[in-house]
Amino acid sequence: MHEHLEDKHGREVSYMRISVTDRCNLRCTYCAGEGLEFIPHPDILRYEEIMELMAMARNLGVRKIRFTGGEPFVRKGFADFMINAARRFTDMDLCVTTNATLIGPDVKRLAEAGIRRVNISLDTLNPEKFVTITGRDHFAAVRENIDRCLDAGMALKVNAVAMKGVNDDELGDFIEFARTHPVDFRFIEFMPVGTETGWEDGRVWTAAEILSEARAFAELVPVTKSGERRHGPARMFDIEGGRGRIGLISPYTDHFCSTCNRLRITSDGNLRTCLFSDRVYRLRPALRHPALGMAQVEKIIRLAGKNKPIGNELLRRMRASDHGVCKTRMASIGG
Ligand code: SAM
């Protein structure tokens, strides 16, 4: 058994997010926008390479892997890959973050293979606004696929990026949705990641504002189960008399760096240790090198894991110098 990954700040790294593609079928204004250049196919990690990385991560103590993108289901064979991964890594918690436009035909077999938890990104319940935000007319498909996932018994987190002037007029509708559906509806503060996203301080609809405004629509009861917050960044609330819950994720105003346990791998095999940092560790050259291979990849991951920064310090420096935190767009990191 290998020694588990722990960083200099005593945080145990047990969660890995793996982006399987930087391509997406939506063009969300706050994430990527139009006019994108994508990573050439040969530079994208093959599914077999991702499996190798997962096996190594498991030896280092990683227990949870979330696949993300771009949009994971845009990549050919993604559902098959995830089902194979679920069969092979039965002791790991495998989940996926998706815009839910394409998952429909695969829901049943994913659920049967043991994929029980899906995060769905949805920033509006208004079909016209969906087109304005995402640049594409896929709201009906997303809504239908949410119902399909629920019918298949999946536990759903529906995540909305909270933006003033964009979706802050829908709070009552969001709460009603969570009251009538068995989902965790979570608001994520708009983060200053990427350069073309129109981010500015005044557009961040903060968790504190959402909570105080939400109380006008429903009685919210904090979920205080022990451990609920330790490995999850969301503060959760039950809705009195409701089926679902509301959650607040506040990376901008109330960082959760002290409990951050995650590493990110981009689709071209770069390791990132913090969403707010542009520093990357290149795994692909070692992974594909005939003499170096996984042993070298493991060394790099150990070194990177040790040096995982405190994102909030980076954020503070950004505020002081008034430039963006991370220049890479979210679509190529994976959120
Ligand atoms: N396509 C998938 C999806 O839509 O969930 C996975 C990739 S997407 C980049 C992952 C998450 O990042 C989504 O929930 C998205 O809303 C979020 N995201 C993108 N840009 C963001 C930003 N600037 N601030 C906060 N969240 C952001």
# chains A, B, ... in the order shown; residues from 1 in each chain; ligands from 1

call {"tool": "residues_around", "arguments": {"residues": "A:Met330", "least_positions_apart": "4", "cutoff": "9 Å", "atoms": "only C-alpha atoms", "output": "PyMOL selection string"}}
result
chain A and resi 30-32+69-70+193-194+275+334-335

call {"tool": "write_last_selection", "arguments": {"atoms": "C-alpha atoms", "output": "tab-separated table (two decimals), in the first residue's frame"}}
result
chain	number	residue	atom	x	y	z
A	30	TYR	CA	-19.87	32.94	-17.93
A	31	CYS	CA	-17.79	29.88	-18.81
A	32	ALA	CA	-16.46	29.85	-22.35
A	69	GLY	CA	-15.47	18.61	-19.21
A	70	GLY	CA	-16.22	20.50	-21.47
A	193	VAL	CA	-11.97	32.13	-13.77
A	194	GLY	CA	-11.16	32.72	-17.44
A	275	LEU	CA	-9.02	26.32	-9.35
A	334	GLY	CA	-13.78	21.31	-15.74
A	335	GLY	CA	-15.14	23.38	-12.87

call {"tool": "select_by_dssp", "arguments": {"residues": "stretch 179-305 of chain A", "states": "alpha helix (DSSP H)", "output": "list of chain:residue names"}}
result
A:Arg179, A:Thr180, A:Ala207, A:Ala208, A:Glu209, A:Ile210, A:Leu211, A:Ser212, A:Glu213, A:Ala214, A:Arg284, A:Pro285, A:Ala286, A:Leu287, A:Arg288, A:Gly293, A:Met294, A:Ala295, A:Gln296, A:Val297, A:Glu298, A:Lys299, A:Ile300, A:Ile301, A:Arg302, A:Leu303, A:Ala304, A:Gly305

call {"tool": "residues_around", "arguments": {"residues": "A:Ala55", "least_positions_apart": "6", "cutoff": "10 Å", "atoms": "only C-alpha atoms", "output": "PyMOL selection string"}}
result
chain A and resi 49+62+85+88-89

call {"tool": "residues_around", "arguments": {"residues": "A:Val161", "least_positions_apart": "2", "cutoff": "10 Å", "atoms": "only C-alpha atoms", "output": "list of chain:residue names"}}
result
A:Tyr30, A:Cys31, A:Ser121, A:Leu122, A:Asp123, A:Thr124, A:Asn159, A:Met163, A:Lys164, A:Val166, A:Asn167, A:Arg186, A:Phe187, A:Ile188, A:Glu189, A:Phe190, A:Met191, A:Val204, A:Trp205, A:Ile249

call {"tool": "select_by_dssp", "arguments": {"residues": "stretch 64-270 of chain A", "states": "strand (DSSP E or B)", "output": "number ranges by chain"}}
result
A: 64-68, 93-98, 117-121, 155-163, 183-189, 193, 204, 220-222, 235-239, 245-249, 262-265, 270

call {"tool": "write_last_selection", "arguments": {"atoms": "N, CA and C atoms", "output": "compact mmCIF listing (two decimals), in the first residue's frame"}}
result
# COMPACT_ATOMS: atom_id res chain seq x y z
N LYS A 64 -12.70 9.34 -4.46
CA LYS A 64 -13.83 9.85 -5.24
C LYS A 64 -13.30 10.47 -6.53
N ILE A 65 -13.93 10.11 -7.65
CA ILE A 65 -13.54 10.70 -8.93
C ILE A 65 -14.78 11.26 -9.60
N ARG A 66 -14.67 12.51 -10.02
CA ARG A 66 -15.77 13.12 -10.76
C ARG A 66 -15.30 13.40 -12.18
N PHE A 67 -16.04 12.92 -13.15
CA PHE A 67 -15.73 13.22 -14.55
C PHE A 67 -16.43 14.50 -14.94
N THR A 68 -15.70 15.33 -15.69
CA THR A 68 -16.28 16.60 -16.07
C THR A 68 -15.75 16.96 -17.47
N ASP A 93 -15.90 6.07 -5.48
CA ASP A 93 -17.14 6.78 -5.71
C ASP A 93 -16.99 7.53 -7.05
N LEU A 94 -17.69 7.08 -8.08
CA LEU A 94 -17.57 7.71 -9.40
C LEU A 94 -18.81 8.55 -9.71
N CYS A 95 -18.60 9.78 -10.08
CA CYS A 95 -19.76 10.61 -10.44
C CYS A 95 -19.41 11.50 -11.64
N VAL A 96 -20.40 12.21 -12.12
CA VAL A 96 -20.20 13.00 -13.33
C VAL A 96 -20.93 14.34 -13.21
N THR A 97 -20.32 15.36 -13.79
CA THR A 97 -20.95 16.67 -13.88
C THR A 97 -21.28 16.93 -15.35
N THR A 98 -22.52 17.26 -15.61
CA THR A 98 -22.97 17.35 -17.01
C THR A 98 -24.00 18.46 -17.17
N ARG A 117 -25.01 9.02 -8.71
CA ARG A 117 -25.01 10.44 -8.36
C ARG A 117 -24.55 11.27 -9.55
N VAL A 118 -25.39 12.22 -9.92
CA VAL A 118 -25.09 13.05 -11.09
C VAL A 118 -25.28 14.52 -10.69
N ASN A 119 -24.32 15.35 -11.10
CA ASN A 119 -24.49 16.79 -10.93
C ASN A 119 -24.88 17.40 -12.27
N ILE A 120 -25.95 18.18 -12.24
CA ILE A 120 -26.44 18.78 -13.48
C ILE A 120 -26.35 20.30 -13.36
N SER A 121 -25.78 20.93 -14.37
CA SER A 121 -25.67 22.38 -14.35
C SER A 121 -26.87 22.98 -15.07
N ALA A 155 -29.43 10.22 -7.50
CA ALA A 155 -29.44 11.38 -6.61
C ALA A 155 -28.89 12.56 -7.39
N LEU A 156 -29.67 13.61 -7.50
CA LEU A 156 -29.26 14.74 -8.34
C LEU A 156 -28.91 15.98 -7.55
N LYS A 157 -27.79 16.59 -7.96
CA LYS A 157 -27.51 17.94 -7.52
C LYS A 157 -27.66 18.80 -8.76
N VAL A 158 -28.48 19.81 -8.66
CA VAL A 158 -28.64 20.74 -9.78
C VAL A 158 -27.91 22.02 -9.39
N ASN A 159 -26.92 22.41 -10.19
CA ASN A 159 -26.08 23.56 -9.83
C ASN A 159 -26.34 24.75 -10.75
N ALA A 160 -26.58 25.90 -10.13
CA ALA A 160 -26.77 27.12 -10.92
C ALA A 160 -25.69 28.13 -10.53
N VAL A 161 -25.04 28.71 -11.52
CA VAL A 161 -24.11 29.80 -11.23
C VAL A 161 -24.97 31.03 -10.92
N ALA A 162 -24.72 31.62 -9.76
CA ALA A 162 -25.57 32.72 -9.28
C ALA A 162 -25.02 34.06 -9.77
N MET A 163 -25.78 34.71 -10.65
CA MET A 163 -25.28 35.94 -11.27
C MET A 163 -26.31 37.05 -11.20
N VAL A 183 -34.32 17.02 -5.21
CA VAL A 183 -32.97 17.35 -5.67
C VAL A 183 -32.30 18.30 -4.68
N ASP A 184 -30.98 18.33 -4.72
CA ASP A 184 -30.24 19.39 -4.03
C ASP A 184 -30.03 20.49 -5.05
N PHE A 185 -30.68 21.62 -4.86
CA PHE A 185 -30.50 22.74 -5.80
C PHE A 185 -29.46 23.68 -5.20
N ARG A 186 -28.31 23.78 -5.87
CA ARG A 186 -27.20 24.52 -5.25
C ARG A 186 -26.80 25.74 -6.07
N PHE A 187 -26.60 26.82 -5.37
CA PHE A 187 -26.16 28.06 -6.01
C PHE A 187 -24.64 28.15 -5.87
N ILE A 188 -23.95 28.38 -6.98
CA ILE A 188 -22.49 28.53 -6.93
C ILE A 188 -22.16 29.98 -7.26
N GLU A 189 -21.40 30.62 -6.39
CA GLU A 189 -21.01 32.00 -6.68
C GLU A 189 -20.19 32.07 -7.98
N VAL A 193 -12.83 33.09 -13.08
CA VAL A 193 -11.97 32.13 -13.77
C VAL A 193 -12.16 32.30 -15.27
N VAL A 204 -21.43 39.22 -8.89
CA VAL A 204 -21.47 38.06 -8.00
C VAL A 204 -22.69 38.20 -7.08
N LEU A 220 -36.21 27.90 5.75
CA LEU A 220 -35.02 27.08 5.46
C LEU A 220 -34.39 26.61 6.76
N VAL A 221 -34.15 25.31 6.84
CA VAL A 221 -33.60 24.74 8.07
C VAL A 221 -32.20 24.22 7.77
N PRO A 222 -31.17 24.78 8.43
CA PRO A 222 -29.80 24.32 8.14
C PRO A 222 -29.65 22.83 8.39
N ARG A 235 -23.14 24.60 1.83
CA ARG A 235 -23.93 24.69 3.06
C ARG A 235 -25.36 24.34 2.66
N MET A 236 -25.92 23.30 3.28
CA MET A 236 -27.22 22.80 2.82
C MET A 236 -28.36 23.21 3.76
N PHE A 237 -29.54 23.38 3.17
CA PHE A 237 -30.73 23.74 3.94
C PHE A 237 -31.91 22.90 3.49
N ASP A 238 -32.63 22.35 4.47
CA ASP A 238 -33.91 21.71 4.14
C ASP A 238 -34.94 22.80 3.91
N ILE A 239 -35.91 22.49 3.05
CA ILE A 239 -37.02 23.43 2.84
C ILE A 239 -38.21 22.85 3.58
N ARG A 245 -33.65 20.10 -1.32
CA ARG A 245 -32.91 20.98 -0.43
C ARG A 245 -32.26 22.11 -1.25
N ILE A 246 -31.86 23.13 -0.54
CA ILE A 246 -31.15 24.25 -1.16
C ILE A 246 -29.71 24.23 -0.65
N GLY A 247 -28.77 24.55 -1.52
CA GLY A 247 -27.37 24.59 -1.08
C GLY A 247 -26.69 25.86 -1.57
N LEU A 248 -25.72 26.30 -0.80
CA LEU A 248 -24.97 27.50 -1.16
C LEU A 248 -23.48 27.16 -1.21
N ILE A 249 -22.86 27.46 -2.34
CA ILE A 249 -21.43 27.20 -2.49
C ILE A 249 -20.77 28.55 -2.71
N ARG A 262 -9.17 18.27 -3.17
CA ARG A 262 -9.27 17.86 -4.57
C ARG A 262 -8.08 18.25 -5.45
N LEU A 263 -7.88 17.42 -6.46
CA LEU A 263 -6.94 17.72 -7.54
C LEU A 263 -7.74 17.65 -8.83
N ARG A 264 -7.27 18.39 -9.83
CA ARG A 264 -7.97 18.37 -11.13
C ARG A 264 -7.02 17.94 -12.23
N ILE A 265 -7.52 17.10 -13.12
CA ILE A 265 -6.73 16.73 -14.29
C ILE A 265 -7.48 17.16 -15.53
N ASN A 270 -3.02 17.73 -17.87
CA ASN A 270 -2.35 18.66 -16.96
C ASN A 270 -3.00 18.58 -15.59

call {"tool": "residues_around", "arguments": {"residues": "A:Leu5", "least_positions_apart": "2", "cutoff": "8 Å", "atoms": "only C-alpha atoms", "output": "PyMOL selection string"}}
result
chain A and resi 3+7+12-14+60-61+302+305-306

call {"tool": "write_last_selection", "arguments": {"atoms": "N, CA and C atoms", "output": "CSV table (one decimal), in the first residue's frame"}}
result
chain,number,residue,atom,x,y,z
A,3,GLU,N,1.9,5.4,0.4
A,3,GLU,CA,1.6,6.4,1.4
A,3,GLU,C,0.5,7.3,0.8
A,7,ASP,N,-1.1,17.3,1.8
A,7,ASP,CA,-0.3,18.5,1.4
A,7,ASP,C,0.3,19.1,2.6
A,12,GLU,N,-5.7,16.1,3.4
A,12,GLU,CA,-5.6,14.8,2.7
A,12,GLU,C,-6.3,14.9,1.4
A,13,VAL,N,-5.6,14.6,0.3
A,13,VAL,CA,-6.1,14.7,-1.0
A,13,VAL,C,-6.8,13.4,-1.4
A,14,SER,N,-8.1,13.4,-1.4
A,14,SER,CA,-8.8,12.1,-1.7
A,14,SER,C,-9.9,12.2,-2.8
A,60,LEU,N,-3.0,6.1,-4.2
A,60,LEU,CA,-2.6,7.2,-3.4
A,60,LEU,C,-3.7,7.6,-2.4
A,61,GLY,N,-4.8,6.9,-2.4
A,61,GLY,CA,-5.8,7.3,-1.4
A,61,GLY,C,-7.0,8.0,-2.0
A,302,ARG,N,2.6,13.4,-6.5
A,302,ARG,CA,3.0,13.6,-5.1
A,302,ARG,C,3.5,15.0,-4.8
A,305,GLY,N,0.8,17.5,-5.1
A,305,GLY,CA,-0.2,17.4,-4.0
A,305,GLY,C,0.4,18.1,-2.8
A,306,LYS,N,1.7,17.9,-2.5
A,306,LYS,CA,2.4,18.5,-1.4
A,306,LYS,C,2.2,20.1,-1.5

call {"tool": "closest_residue", "arguments": {"among": "A:Arg282, A:Arg11, A:Arg148, A:Arg58", "to": "A:Arg109", "atoms": "only C-alpha atoms"}}
result
A:Arg148

call {"tool": "atom_distance", "arguments": {"atom1": "atom CA of A:Ala86", "atom2": "atom CA of A:Leu110"}}
result
9.1 Å

call {"tool": "closest_residue", "arguments": {"among": "A:Leu45, A:Ala113, A:Ile300, A:Val74", "to": "ligand 1", "atoms": "only C-alpha atoms and all ligand atoms"}}
result
A:Val74

call {"tool": "closest_residue", "arguments": {"among": "A:Phe256, A:Phe73, A:Phe38, A:Phe139", "to": "ligand 1", "atoms": "only C-alpha atoms and all ligand atoms"}}
result
A:Phe73

call {"tool": "atom_distance", "arguments": {"atom1": "atom CA of A:Phe217", "atom2": "atom CA of A:Ile175"}}
result
7.3 Å

call {"tool": "atom_distance", "arguments": {"atom1": "atom CA of A:Gly135", "atom2": "atom 2 (C, counted along the ligand's line) of ligand 1"}}
result
14.7 Å

call {"tool": "closest_residue", "arguments": {"among": "A:Asp173, A:Asp168, A:Glu200, A:Glu37", "to": "ligand 1", "atoms": "only C-alpha atoms and all ligand atoms"}}
result
A:Glu200

call {"tool": "closest_residue", "arguments": {"among": "A:Lys8, A:Lys76, A:Arg179, A:His41", "to": "A:Gly241", "atoms": "only C-alpha atoms"}}
result
A:Arg179

call {"tool": "closest_residue", "arguments": {"among": "A:Leu36, A:Ala331, A:Ala140, A:Ile44", "to": "ligand 1", "atoms": "only C-alpha atoms and all ligand atoms"}}
result
A:Ala331
